[in-house]
Structure formats: C-alpha cells, structure tokens
>>> print(open('work.tsv').read())   # TSV, C-alpha atoms
chain	number	residue	atom	x	y	z
I	1	SER	CA	16.49	-30.31	-20.29
I	2	ARG	CA	15.40	-26.73	-20.80
I	3	VAL	CA	12.32	-25.15	-19.26
I	4	MET	CA	9.63	-24.56	-21.90
I	5	LYS	CA	6.55	-22.40	-21.42
I	6	VAL	CA	3.23	-23.18	-23.10
I	7	THR	CA	1.96	-19.79	-24.28
I	8	ASP	CA	-1.30	-20.93	-25.87
I	9	TYR	CA	-3.35	-23.95	-26.97
I	10	ALA	CA	-4.21	-25.05	-30.49
I	11	ASP	CA	-7.95	-25.23	-29.82
I	12	VAL	CA	-10.57	-24.73	-27.12
I	13	ARG	CA	-10.96	-28.46	-26.41
I	14	THR	CA	-7.23	-28.82	-25.68
I	15	ARG	CA	-7.28	-25.69	-23.50
I	16	ASN	CA	-10.22	-26.93	-21.43
I	17	ARG	CA	-8.71	-30.39	-21.03
I	18	PHE	CA	-5.31	-29.20	-19.83
I	19	GLU	CA	-6.61	-26.36	-17.65
I	20	GLN	CA	-8.93	-28.75	-15.85
I	21	ILE	CA	-6.09	-31.17	-15.21
I	22	ARG	CA	-3.36	-28.68	-14.33
I	23	GLY	CA	-4.83	-25.55	-12.77
I	24	ARG	CA	-3.35	-22.38	-11.37
I	25	THR	CA	-4.21	-20.16	-8.44
I	26	PHE	CA	-2.92	-17.00	-6.80
I	27	ALA	CA	-1.75	-17.11	-3.19
I	28	MET	CA	-0.23	-14.67	-0.72
I	29	ILE	CA	1.71	-14.94	2.52
I	30	LYS	CA	0.48	-11.99	4.57
I	31	PRO	CA	2.72	-9.45	6.36
I	32	HIS	CA	2.26	-10.79	9.91
I	33	ALA	CA	3.47	-14.23	8.75
I	34	TYR	CA	6.84	-12.88	7.53
I	35	ALA	CA	8.81	-14.81	10.18
I	36	ASN	CA	7.09	-18.04	9.10
I	37	MET	CA	7.33	-17.59	5.32
I	38	GLY	CA	10.00	-20.27	4.99
I	39	LYS	CA	7.91	-22.80	6.88
I	40	ILE	CA	4.83	-21.92	4.82
I	41	LEU	CA	6.79	-22.33	1.57
I	42	ASP	CA	7.96	-25.73	2.83
I	43	GLU	CA	4.35	-26.76	3.36
I	44	VAL	CA	3.35	-25.45	-0.07
I	45	SER	CA	5.96	-27.67	-1.73
I	46	ALA	CA	5.24	-30.68	0.49
I	47	ALA	CA	1.54	-30.48	-0.45
I	48	GLY	CA	2.40	-30.90	-4.13
I	49	PHE	CA	2.04	-27.30	-5.34
I	50	GLU	CA	4.55	-26.01	-7.88
I	51	ILE	CA	5.49	-22.34	-7.45
I	52	SER	CA	5.55	-20.85	-10.95
I	53	LYS	CA	5.84	-17.20	-9.89
I	54	LEU	CA	6.90	-15.56	-6.64
I	55	LYS	CA	7.65	-12.00	-5.54
I	56	MET	CA	7.90	-9.98	-2.37
I	57	SER	CA	6.02	-6.67	-2.56
I	58	LYS	CA	4.28	-4.18	-0.28
I	59	PHE	CA	0.73	-2.87	-0.46
I	60	ASN	CA	0.00	0.84	-0.15
I	61	SER	CA	-3.35	2.55	0.38
I	62	ASN	CA	-4.16	2.50	-3.34
I	63	SER	CA	-3.02	-1.01	-4.22
I	64	VAL	CA	-4.76	-2.60	-1.23
I	65	ARG	CA	-8.05	-1.01	-2.30
I	66	GLU	CA	-7.54	-2.27	-5.85
I	67	PHE	CA	-6.66	-5.79	-4.77
I	68	TYR	CA	-9.53	-6.08	-2.26
I	69	GLN	CA	-12.00	-4.01	-4.29
I	70	GLU	CA	-14.94	-6.26	-3.40
I	71	HIS	CA	-14.36	-5.58	0.33
I	72	VAL	CA	-13.78	-1.80	0.28
I	73	ASP	CA	-17.28	-0.91	1.51
I	74	LYS	CA	-17.41	-3.61	4.17
I	75	PRO	CA	-16.97	-2.74	7.86
I	76	PHE	CA	-13.88	-4.94	8.29
I	77	PHE	CA	-11.95	-3.32	5.43
I	78	PRO	CA	-10.09	-0.67	7.51
I	79	ASN	CA	-8.59	-3.38	9.72
I	80	LEU	CA	-7.78	-5.50	6.67
I	81	ALA	CA	-6.10	-2.57	4.92
I	82	GLN	CA	-4.08	-1.72	8.03
I	83	ALA	CA	-2.88	-5.32	8.36
I	84	MET	CA	-1.99	-5.70	4.68
I	85	THR	CA	-0.02	-2.42	4.45
I	86	ALA	CA	1.91	-3.05	7.68
I	87	ASP	CA	4.83	-4.86	6.06
I	88	VAL	CA	5.87	-6.91	3.03
I	89	THR	CA	3.74	-9.61	1.41
I	90	ILE	CA	4.75	-12.64	-0.68
I	91	GLY	CA	2.65	-13.12	-3.82
I	92	MET	CA	2.74	-16.46	-5.66
I	93	GLU	CA	1.15	-18.27	-8.55
I	94	LEU	CA	0.74	-21.95	-7.67
I	95	VAL	CA	0.22	-24.86	-10.06
I	96	ALA	CA	-1.52	-28.12	-9.14
I	97	ASN	CA	-4.42	-30.30	-10.16
I	98	ASP	CA	-7.61	-28.35	-9.39
I	99	ALA	CA	-5.34	-25.70	-7.83
I	100	ILE	CA	-7.96	-23.19	-6.63
I	101	LYS	CA	-10.03	-25.74	-4.73
I	102	LYS	CA	-6.95	-27.60	-3.44
I	103	TRP	CA	-5.28	-24.42	-2.10
I	104	ARG	CA	-8.39	-23.09	-0.38
I	105	SER	CA	-8.91	-26.46	1.27
I	106	PHE	CA	-5.25	-26.63	2.27
I	107	ILE	CA	-5.18	-23.20	3.96
I	108	GLY	CA	-8.40	-23.78	5.94
I	109	PRO	CA	-11.33	-21.53	6.96
I	110	THR	CA	-10.88	-17.75	6.88
I	111	ASN	CA	-11.15	-17.31	10.64
I	112	THR	CA	-8.20	-18.80	12.49
I	113	ALA	CA	-10.36	-20.01	15.40
I	114	ASN	CA	-12.55	-21.95	12.98
I	115	ALA	CA	-9.46	-23.28	11.19
I	116	LYS	CA	-8.03	-24.60	14.46
I	117	ALA	CA	-11.32	-26.31	15.28
I	118	GLU	CA	-12.21	-27.65	11.82
I	119	ALA	CA	-8.81	-28.05	10.08
I	120	PRO	CA	-6.06	-28.11	12.72
I	121	SER	CA	-3.37	-29.10	10.21
I	122	SER	CA	-4.19	-26.22	7.84
I	123	ILE	CA	-1.91	-23.22	7.22
I	124	ARG	CA	-4.29	-20.79	8.94
I	125	ALA	CA	-4.62	-23.02	12.00
I	126	LYS	CA	-0.84	-23.20	12.36
I	127	TYR	CA	0.19	-19.65	11.51
I	128	GLY	CA	-2.94	-17.49	11.76
I	129	VAL	CA	-4.07	-15.24	14.62
I	130	ASP	CA	-7.66	-14.23	13.83
I	131	GLY	CA	-9.99	-13.55	10.90
I	132	THR	CA	-7.76	-10.81	9.46
I	133	LEU	CA	-4.30	-11.97	10.50
I	134	ASN	CA	-4.92	-15.40	9.02
I	135	ALA	CA	-1.48	-15.95	7.46
I	136	VAL	CA	-2.39	-16.50	3.81
I	137	HIS	CA	-4.76	-15.60	0.98
I	138	GLY	CA	-6.10	-17.70	-1.88
I	139	ALA	CA	-8.00	-16.73	-5.03
I	140	ASP	CA	-11.61	-17.96	-4.94
I	141	SER	CA	-12.16	-18.37	-8.70
I	142	THR	CA	-10.40	-18.48	-12.05
I	143	ALA	CA	-11.42	-14.85	-12.61
I	144	SER	CA	-9.88	-13.84	-9.26
I	145	HIS	CA	-6.72	-15.78	-10.06
I	146	SER	CA	-6.38	-14.00	-13.40
I	147	ARG	CA	-6.99	-10.51	-11.96
I	148	GLU	CA	-4.80	-10.95	-8.87
I	149	THR	CA	-1.92	-12.55	-10.78
I	150	ASP	CA	-2.02	-9.74	-13.31
I	151	LEU	CA	-1.81	-7.11	-10.55
I	152	TRP	CA	1.33	-8.78	-9.20
I	153	PHE	CA	3.07	-10.12	-12.29
I	154	GLY	CA	1.43	-8.69	-15.43
I	155	GLY	CA	3.14	-6.33	-17.88
I	156	MET	CA	6.54	-4.70	-17.53
I	157	PRO	CA	8.02	-4.49	-14.01
I	158	ALA	CA	8.12	-0.67	-13.97
I	159	GLN	CA	4.40	-0.44	-14.76
I	160	ARG	CA	3.19	-3.08	-12.29
I	161	MET	CA	1.09	-2.03	-9.35
I	162	MET	CA	2.95	-4.44	-7.05
I	163	LYS	CA	6.63	-3.56	-7.35
I	164	THR	CA	9.78	-5.03	-5.86
I	165	THR	CA	10.72	-4.08	-2.29
I	166	ALA	CA	14.47	-3.97	-3.05
I	167	VAL	CA	16.17	-1.03	-1.30
I	168	MET	CA	19.67	-1.46	-2.79
I	169	ASN	CA	21.62	-0.31	0.26
I	170	ASN	CA	23.52	-2.09	3.04
I	171	CYS	CA	22.59	-5.35	1.33
I	172	SER	CA	23.86	-8.45	-0.44
I	173	LEU	CA	22.40	-10.79	-3.06
I	174	LEU	CA	21.72	-14.49	-2.60
I	175	PHE	CA	20.51	-16.92	-5.26
I	176	ILE	CA	18.54	-20.01	-4.31
I	177	LYS	CA	19.62	-22.20	-7.21
I	178	PRO	CA	17.27	-24.15	-9.51
I	179	HIS	CA	17.92	-27.60	-8.01
I	180	ILE	CA	16.93	-26.35	-4.54
I	181	VAL	CA	13.76	-24.75	-5.91
I	182	LYS	CA	12.89	-27.91	-7.85
I	183	GLU	CA	13.40	-30.10	-4.76
I	184	GLY	CA	11.08	-27.87	-2.69
I	185	LEU	CA	13.84	-26.84	-0.27
I	186	ALA	CA	13.74	-23.05	-0.77
I	187	GLY	CA	11.72	-22.59	2.42
I	188	GLN	CA	14.45	-24.28	4.47
I	189	VAL	CA	17.06	-21.88	3.07
I	190	ILE	CA	14.85	-18.90	3.89
I	191	ASP	CA	14.29	-20.20	7.43
I	192	LEU	CA	18.05	-20.50	8.04
I	193	ILE	CA	18.64	-16.95	6.77
I	194	LEU	CA	16.01	-15.52	9.12
I	195	GLU	CA	17.22	-17.63	12.05
I	196	ALA	CA	20.70	-16.17	11.50
I	197	GLY	CA	19.28	-12.72	12.24
I	198	LEU	CA	19.41	-11.49	8.65
I	199	GLU	CA	16.57	-9.57	6.99
I	200	ILE	CA	15.15	-10.59	3.62
I	201	SER	CA	14.12	-7.24	2.16
I	202	ALA	CA	13.27	-8.39	-1.37
I	203	MET	CA	12.64	-11.71	-3.11
I	204	GLU	CA	11.59	-12.77	-6.60
I	205	MET	CA	11.61	-15.87	-8.77
I	206	PHE	CA	13.29	-15.65	-12.17
I	207	ASN	CA	13.88	-17.88	-15.19
I	208	LEU	CA	17.16	-16.55	-16.58
I	209	SER	CA	18.30	-17.07	-20.17
I	210	ARG	CA	21.78	-18.40	-20.83
I	211	PRO	CA	23.10	-15.02	-22.17
I	212	VAL	CA	21.91	-13.27	-18.99
I	213	VAL	CA	23.50	-15.93	-16.78
I	214	GLU	CA	26.77	-15.73	-18.74
I	215	GLU	CA	26.85	-11.96	-18.35
I	216	PHE	CA	26.11	-12.16	-14.61
I	217	PHE	CA	28.81	-14.77	-13.91
I	218	ASP	CA	31.34	-13.39	-16.41
I	219	VAL	CA	33.76	-12.55	-13.58
I	220	TYR	CA	34.12	-16.30	-12.86
I	221	LYS	CA	34.94	-17.25	-16.47
I	222	GLY	CA	38.38	-18.85	-16.60
I	223	VAL	CA	38.60	-18.74	-12.80
I	224	LEU	CA	35.97	-21.19	-11.55
I	225	PRO	CA	36.53	-24.77	-12.77
I	226	GLU	CA	32.78	-25.43	-12.64
I	227	TYR	CA	31.97	-22.32	-14.72
I	228	LEU	CA	30.26	-24.09	-17.65
I	229	PRO	CA	28.16	-26.49	-15.50
I	230	LEU	CA	27.15	-23.47	-13.37
I	231	ILE	CA	25.99	-21.55	-16.45
I	232	GLU	CA	24.05	-24.57	-17.68
I	233	HIS	CA	22.40	-25.14	-14.30
I	234	MET	CA	21.43	-21.52	-13.64
I	235	SER	CA	19.77	-21.22	-17.06
I	236	ASN	CA	17.75	-24.43	-16.83
I	237	GLY	CA	15.08	-23.74	-14.26
I	238	PRO	CA	13.56	-21.17	-11.95
I	239	MET	CA	15.76	-19.63	-9.25
I	240	ILE	CA	14.92	-17.23	-6.45
I	241	ALA	CA	16.89	-14.03	-5.91
I	242	LEU	CA	16.94	-12.55	-2.40
I	243	GLU	CA	18.11	-9.14	-1.21
I	244	VAL	CA	19.52	-9.71	2.28
I	245	ARG	CA	20.24	-6.85	4.69
I	246	GLN	CA	21.99	-6.39	8.03
I	247	GLU	CA	25.15	-4.83	9.43
I	248	ASP	CA	28.28	-6.37	7.85
I	249	VAL	CA	25.89	-8.37	5.67
I	250	VAL	CA	28.36	-9.54	3.03
I	251	ALA	CA	30.68	-11.22	5.52
I	252	ARG	CA	27.80	-12.63	7.56
I	253	LEU	CA	26.00	-14.04	4.52
I	254	ARG	CA	29.15	-15.61	3.07
I	255	ASP	CA	29.81	-17.16	6.46
I	256	LEU	CA	26.29	-18.56	6.55
I	257	CYS	CA	26.62	-19.98	3.02
I	258	GLY	CA	29.86	-21.80	3.83
I	259	PRO	CA	32.58	-23.11	1.48
I	260	HIS	CA	31.83	-23.21	-2.24
I	261	ASP	CA	32.19	-26.99	-2.47
I	262	PRO	CA	29.28	-28.70	-0.64
I	263	GLU	CA	31.45	-31.71	0.30
I	264	ILE	CA	33.99	-29.44	1.96
I	265	ALA	CA	31.16	-27.48	3.60
I	266	LYS	CA	29.75	-30.68	5.11
I	267	HIS	CA	33.06	-31.37	6.86
I	268	LEU	CA	34.24	-27.87	7.77
I	269	ARG	CA	30.91	-26.03	8.18
I	270	PRO	CA	28.16	-28.64	8.73
I	271	ASN	CA	25.62	-25.99	9.81
I	272	SER	CA	26.11	-23.78	6.73
I	273	LEU	CA	23.59	-23.51	3.90
I	274	ARG	CA	25.80	-25.43	1.49
>>> encode(input="work.tsv", output="structure tokens")
Amino acid sequence: SRVMKVTDYADVRTRNRFEQIRGRTFAMIKPHAYANMGKILDEVSAAGFEISKLKMSKFNSNSVREFYQEHVDKPFFPNLAQAMTADVTIGMELVANDAIKKWRSFIGPTNTANAKAEAPSSIRAKYGVDGTLNAVHGADSTASHSRETDLWFGGMPAQRMMKTTAVMNNCSLLFIKPHIVKEGLAGQVIDLILEAGLEISAMEMFNLSRPVVEEFFDVYKGVLPEYLPLIEHMSNGPMIALEVRQEDVVARLRDLCGPHDPEIAKHLRPNSLR
C-alpha cells in the first residue's frame, strides 16, 4: 500500500476529533547525546511513537535564540546556548495519542537529578547529565509544536533556518530502508554504525516518489534481479538517508553492510547490518 498524507480536514469537528486522538509533538536529541542517539531512537519506537519527520541540523547563535526565544533573557540561557551550539542536534516530529503529554512524561523532569529520583526509567534519567545537558527536548504545547516544527521542517529546504549538516566530502551515503524504519529498528542500525567508528555527519527522513527512486537506482536497472521490488519498496514508506564519514569510508561502510542478500549475509557475515 502507498503512504498517503492527510493535508486537511473537511470540517472543524472532524479536525478536533482526529487531532485529539492522534496528536503530534516536536522533539530533539541534544548535542551531548549524539553517541546515544541510536539508543534513544530505539526507545522512542518502543514507546509507541511514530517518527513522521527527522533531520540532523546544527544551531548557531541566531537560530538558538530564535528557537529558545522565551529563555533569552533568563540567567541560564548562555549555558543553554553554548550546549546547544556545541554539535549537531536531531529534530523530530513524533506522532502518538496525546503526543505532547505522552512525550513529556516519557522523557522525565527537566533536571537530570530529579529525573533519576522521580522517573528512573525516563530518557533524561538514562542519558542526561544535568539541567542543561538533559539529553532531549519536548514541545510543551500545540503552539510550541507548530512553531518548532516549522523552524525545522517548514518551507523549502534552502530557506529553512535549520539546514542539513551534510558536508559532501570524504563521505558515503547509506539508506535505512522503509521496512526497517517501520519496524522501529533504525536506532539499532545507527548504533552499529557508530560502534564501528564511523561518523554520521548528516541524517534526514524522506518519503521518495517512484520517479525519484527510479532515477536514483537507474544504474541497477537490468542488472539487479530485484530491481522492480526494490523500486516498489523504496517508494512505499519513509526511509532515512545518512551521510557517513571516515577514512576509507566507502570500503568500511560496504564491509559493515555485508552481502546484498540478507540470507547470504547471515551465513558469511553474521555481524553485518544486513
């Protein structure tokens, strides 16, 4: 079946009914939690959240002030700004019943010490350090979700405040295919890439149309026996594209992926991604 997107509702009553049942929220994995982003994504999926949008980006002095505009005049803002501009951040839109309340409960209290005491199984208790380096962020209202999601994903990519972190040098491309995303296993793939000593320098979720997929995989047409099923699969759900960097990255990444056929990979390269 093809992925279909509801762009609007026929009337206000229908809108209110469906938005109450199936809500959305904005979430971030903060820079200091980079090494744990795979594990956090695993927990997101295991908790029943659907990731509808995802992108790696990096705050600068202007964008961090815009995103945290309500905190700019507060005494803790300089430390917050320093922490958030230190490295890359993962922005996500999550879908679940009563998503805003569910996510904020799931991640725990803002201060990590309080999270460890009051919600020891929460994300902040497991991966946070203190009140600033607390692993993740969650929108606190529907208005915040709308504003924050728009800053990350609204409009054309070139005009967005939060842009891709792709560097396009000494790198390779890896797709996490739709069936892995759907099964909530993307975090495990990311973990294995990082454990192999490779750097993920950019990441974004895409829903590709069939013509785009056909153009991308055109080199395999007439060569790969599974060409048509591959085209169908890659155009029927969200996938995640990763820019991976390191010395000799192409050979190292192909080695990590293993043989093209998963059954062969299980016998010859049981520790490979496939």
>>> closest_residue(input="work.tsv", among="I:Ala117, I:Val136, I:Leu242, I:Ala143", to="Asn36 in chain I", atoms="all atoms listed in the file")
I:Val136
>>> closest_atom_pairs(input="work.tsv", of="range 1-74 of chain I", to="range 176-194 of chain I", cutoff="6 Å", atoms="only C-alpha atoms", output="JSON lines")
{"residue": "I:Gly38", "atom": "CA", "partner": "I:Gly187", "partner_atom": "CA", "distance": 3.9}
{"residue": "I:Lys39", "atom": "CA", "partner": "I:Gly187", "partner_atom": "CA", "distance": 5.9}
{"residue": "I:Leu41", "atom": "CA", "partner": "I:Gly187", "partner_atom": "CA", "distance": 5.0}
{"residue": "I:Asp42", "atom": "CA", "partner": "I:Gly187", "partner_atom": "CA", "distance": 4.9}
{"residue": "I:Ser45", "atom": "CA", "partner": "I:Gly184", "partner_atom": "CA", "distance": 5.2}
>>> closest_residue(input="work.tsv", among="I:Ser201, I:Gln69, I:Gln82, I:Asn134", to="Thr164 in chain I", atoms="all atoms listed in the file")
I:Ser201
>>> atom_distance(input="work.tsv", atom1="CA of His71 in chain I", atom2="CA of Asp140 in chain I")
13.7 Å
>>> axis_aligned_box(input="work.tsv", around="range 258-272 of chain I", padding_each_side="4 Å", output="JSON")
{"center_x": 29.9, "center_y": -26.8, "center_z": 3.7, "size_x": 16.6, "size_y": 17.9, "size_z": 20.3}
>>> residues_around(input="work.tsv", residues="Pro31 in chain I", least_positions_apart="5", cutoff="6 Å", atoms="all atoms listed in the file", output="list in words")
Asp87, Val88 and Thr89 of chain I
>>> closest_residue(input="work.tsv", among="I:Leu208, I:Val129, I:Val167, I:Ala135", to="Ser57 in chain I", atoms="only C-alpha atoms")
I:Val167
>>> atom_distance(input="work.tsv", atom1="CA of Phe59 in chain I", atom2="CA of Phe106 in chain I")
24.7 Å
>>> closest_residue(input="work.tsv", among="I:Phe217, I:Ile123, I:Gln246, I:Ala81", to="Glu232 in chain I", atoms="only C-alpha atoms")
I:Phe217
>>> closest_residue(input="work.tsv", among="I:Gly91, I:Gly237, I:Gly108, I:Pro259", to="Pro120 in chain I", atoms="only C-alpha atoms")
I:Gly108
>>> decode(input="work.tsv", residues="range 211-249 of chain I", atoms="C-alpha atoms", output="PDB file, in the first residue's frame")
ATOM      1  CA  PRO I 211      10.061   8.576 -10.300  1.00  0.00           C
ATOM      2  CA  VAL I 212      12.746   9.837  -7.894  1.00  0.00           C
ATOM      3  CA  VAL I 213      13.540   6.303  -6.729  1.00  0.00           C
ATOM      4  CA  GLU I 214      13.713   5.060 -10.335  1.00  0.00           C
ATOM      5  CA  GLU I 215      16.113   7.853 -11.248  1.00  0.00           C
ATOM      6  CA  PHE I 216      18.308   7.196  -8.202  1.00  0.00           C
ATOM      7  CA  PHE I 217      18.552   3.431  -8.820  1.00  0.00           C
ATOM      8  CA  ASP I 218      18.684   3.677 -12.627  1.00  0.00           C
ATOM      9  CA  VAL I 219      22.212   2.231 -12.660  1.00  0.00           C
ATOM     10  CA  TYR I 220      20.814  -1.075 -11.319  1.00  0.00           C
ATOM     11  CA  LYS I 221      18.103  -1.386 -13.995  1.00  0.00           C
ATOM     12  CA  GLY I 222      18.650  -4.576 -15.975  1.00  0.00           C
ATOM     13  CA  VAL I 223      21.488  -5.569 -13.633  1.00  0.00           C
ATOM     14  CA  LEU I 224      19.846  -6.276 -10.279  1.00  0.00           C
ATOM     15  CA  PRO I 225      17.254  -9.088 -10.419  1.00  0.00           C
ATOM     16  CA  GLU I 226      15.317  -7.468  -7.557  1.00  0.00           C
ATOM     17  CA  TYR I 227      15.218  -4.067  -9.301  1.00  0.00           C
ATOM     18  CA  LEU I 228      11.414  -3.735  -9.545  1.00  0.00           C
ATOM     19  CA  PRO I 229      10.671  -4.927  -5.972  1.00  0.00           C
ATOM     20  CA  LEU I 230      13.391  -2.526  -4.754  1.00  0.00           C
ATOM     21  CA  ILE I 231      11.767   0.407  -6.559  1.00  0.00           C
ATOM     22  CA  GLU I 232       8.366  -0.526  -5.151  1.00  0.00           C
ATOM     23  CA  HIS I 233       9.701  -0.862  -1.613  1.00  0.00           C
ATOM     24  CA  MET I 234      11.744   2.345  -1.574  1.00  0.00           C
ATOM     25  CA  SER I 235       8.760   4.395  -2.788  1.00  0.00           C
ATOM     26  CA  ASN I 236       6.246   2.991  -0.307  1.00  0.00           C
ATOM     27  CA  GLY I 237       7.257   4.428   3.040  1.00  0.00           C
ATOM     28  CA  PRO I 238       9.637   6.734   4.854  1.00  0.00           C
ATOM     29  CA  MET I 239      13.369   5.989   4.679  1.00  0.00           C
ATOM     30  CA  ILE I 240      16.302   7.649   6.405  1.00  0.00           C
ATOM     31  CA  ALA I 241      19.319   8.872   4.462  1.00  0.00           C
ATOM     32  CA  LEU I 242      22.641   9.128   6.324  1.00  0.00           C
ATOM     33  CA  GLU I 243      25.876  10.812   5.302  1.00  0.00           C
ATOM     34  CA  VAL I 244      28.650   8.687   6.817  1.00  0.00           C
ATOM     35  CA  ARG I 245      32.251   9.900   7.081  1.00  0.00           C
ATOM     36  CA  GLN I 246      35.638   8.424   7.962  1.00  0.00           C
ATOM     37  CA  GLU I 247      38.888   7.475   6.255  1.00  0.00           C
ATOM     38  CA  ASP I 248      38.318   4.862   3.510  1.00  0.00           C
ATOM     39  CA  VAL I 249      34.612   5.220   4.296  1.00  0.00           C
TER      40      VAL I 249
END
